[in-house]
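Notes follow once the structure below has been shown.
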Amino acid sequence: MSIEHDFFGILGDEDEGEVYWSDSAELGDQSVEIDLSSPDEDSVTAEALDIAAAMIGSMEDLDSQVRESLVADLSAEVSVTSQYIAEQLDEMDQEAIENAIIWDSGDQQIDFLRSLRLQRIGFHPHHAGNEAHFAVLEYAISPDDTDGLLVVTIDVHGDTVLVALDS
């Protein structure tokens, strides 16, 4: 059995029952890899696919909303976001930092967050509950100079559920 959707087309595999779709989209001057996957097509609803399609269609707004949550995370006494920034600044040489940070407001942490590059968005439409991990956004400061990622998991409403490091 397979699922047909206006945005994603035909999804699913008759034998496996899995759902997978991938593409890339432009966000400003960068390309972002996007994928959608579910281990079981029976757990994927049309509503979840519609929400994923809408998030892709408004990727710039979604990116802004997630970055705002990262700024809010900085206000915590100990935060994953500030840990990621510190680790990346320690790992990268000065020239790489200067090339990666494209903003200069005088606030290094904010400039760092503004300069992050969205690398990938992975949607998991079988996780459509309020606290579930509906989508994962992966950010990097300088993909050519470091492997470190700041990974933000959001729910079906676009609210941040988890911020994590992936090195």
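We name chains A, B, ... following the order of the structure tokens; residues begin at 1 in each chain, and ligands are numbered from 1 as shown.
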I'd like a table as a Markdown table: residues in segment 46-89 of chain A with an atom no more than 8 Å from segment 125-149 of chain A, each row giving the shortest atom pair and its distance in Å to one decimal, only C-alpha atoms counted, sorted by chain and rising residue number.
| residue | atom | partner | partner_atom | distance |
| --- | --- | --- | --- | --- |
| A:Ala48 | CA | A:Pro125 | CA | 5.3 |
| A:Leu49 | CA | A:Pro125 | CA | 6.4 |
| A:Ala52 | CA | A:Pro125 | CA | 7.4 |
| A:Tyr84 | CA | A:Gly148 | CA | 7.9 |
| A:Gln88 | CA | A:Gly148 | CA | 7.2 |
Report as a PDB file with C-alpha atoms, in the first residue's frame: the residues of segment 34-148 of chain A with a DSSP assignment of strand (DSSP E or B), based on the backbone of this structure.
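New file states_12.pdb:
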ATOM      1  CA  ILE A  34      14.933  17.859   3.422  1.00  0.00           C
ATOM      2  CA  ASP A  35      13.685  14.367   4.059  1.00  0.00           C
ATOM      3  CA  LEU A  36      10.557  12.755   5.398  1.00  0.00           C
ATOM      4  CA  SER A  37      10.556   9.238   6.767  1.00  0.00           C
ATOM      5  CA  SER A  38       8.453   6.852   8.768  1.00  0.00           C
ATOM      6  CA  ARG A 117      23.753  27.341   8.428  1.00  0.00           C
ATOM      7  CA  LEU A 118      20.691  25.130   8.326  1.00  0.00           C
ATOM      8  CA  GLN A 119      21.981  21.876   6.811  1.00  0.00           C
ATOM      9  CA  ARG A 120      19.031  19.515   6.975  1.00  0.00           C
ATOM     10  CA  ILE A 121      15.444  19.140   8.094  1.00  0.00           C
ATOM     11  CA  GLY A 122      14.170  15.633   8.759  1.00  0.00           C
ATOM     12  CA  PHE A 123      10.434  15.136   9.203  1.00  0.00           C
ATOM     13  CA  ALA A 135      11.002  17.341  12.852  1.00  0.00           C
ATOM     14  CA  VAL A 136      14.730  17.643  13.409  1.00  0.00           C
ATOM     15  CA  LEU A 137      16.693  20.669  12.187  1.00  0.00           C
ATOM     16  CA  GLU A 138      20.473  20.359  11.958  1.00  0.00           C
ATOM     17  CA  TYR A 139      22.613  23.499  12.095  1.00  0.00           C
ATOM     18  CA  ALA A 140      26.366  23.933  11.575  1.00  0.00           C
TER      19      ALA A 140
END
Inset, instruction - Name the residues of chain A that fall into alpha helix (DSSP H) according to DSSP on the backbone, using the chain letters and numbers of this document, as an MDAnalysis selection string. - result: chainID A and resid 46:57 59:74 80:91 94:100 108:115
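When only C-alpha atoms are used to compute distances to Asp166 of chain A, the closest of the residues A:Ala100, A:Ala54, A:Val80, A:Ala25 turns out to be A:Val80.
We find atom CA of Ala46 of chain A and atom CA of His5 of chain A to be spaced 7.5 Å apart.
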Inset, instruction - Rank A:Asp90, A:Glu18, A:Leu11, A:Ile56 by their smallest atom-to-atom distance to Glu33 of chain A, using only C-alpha atoms, and report the top residue only. - result: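 The closest residue to Glu33 of chain A is A:Ile56.
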Inset, instruction - Would you list the contacts of Gln83 of chain A as an MDAnalysis selection string, taking every protein, DNA or RNA residue within 10 Å and counting only C-alpha atoms, but skipping same-chain residues closer than 5 positions in sequence? - result: chainID A and resid 74 78 88:89 150 164:165
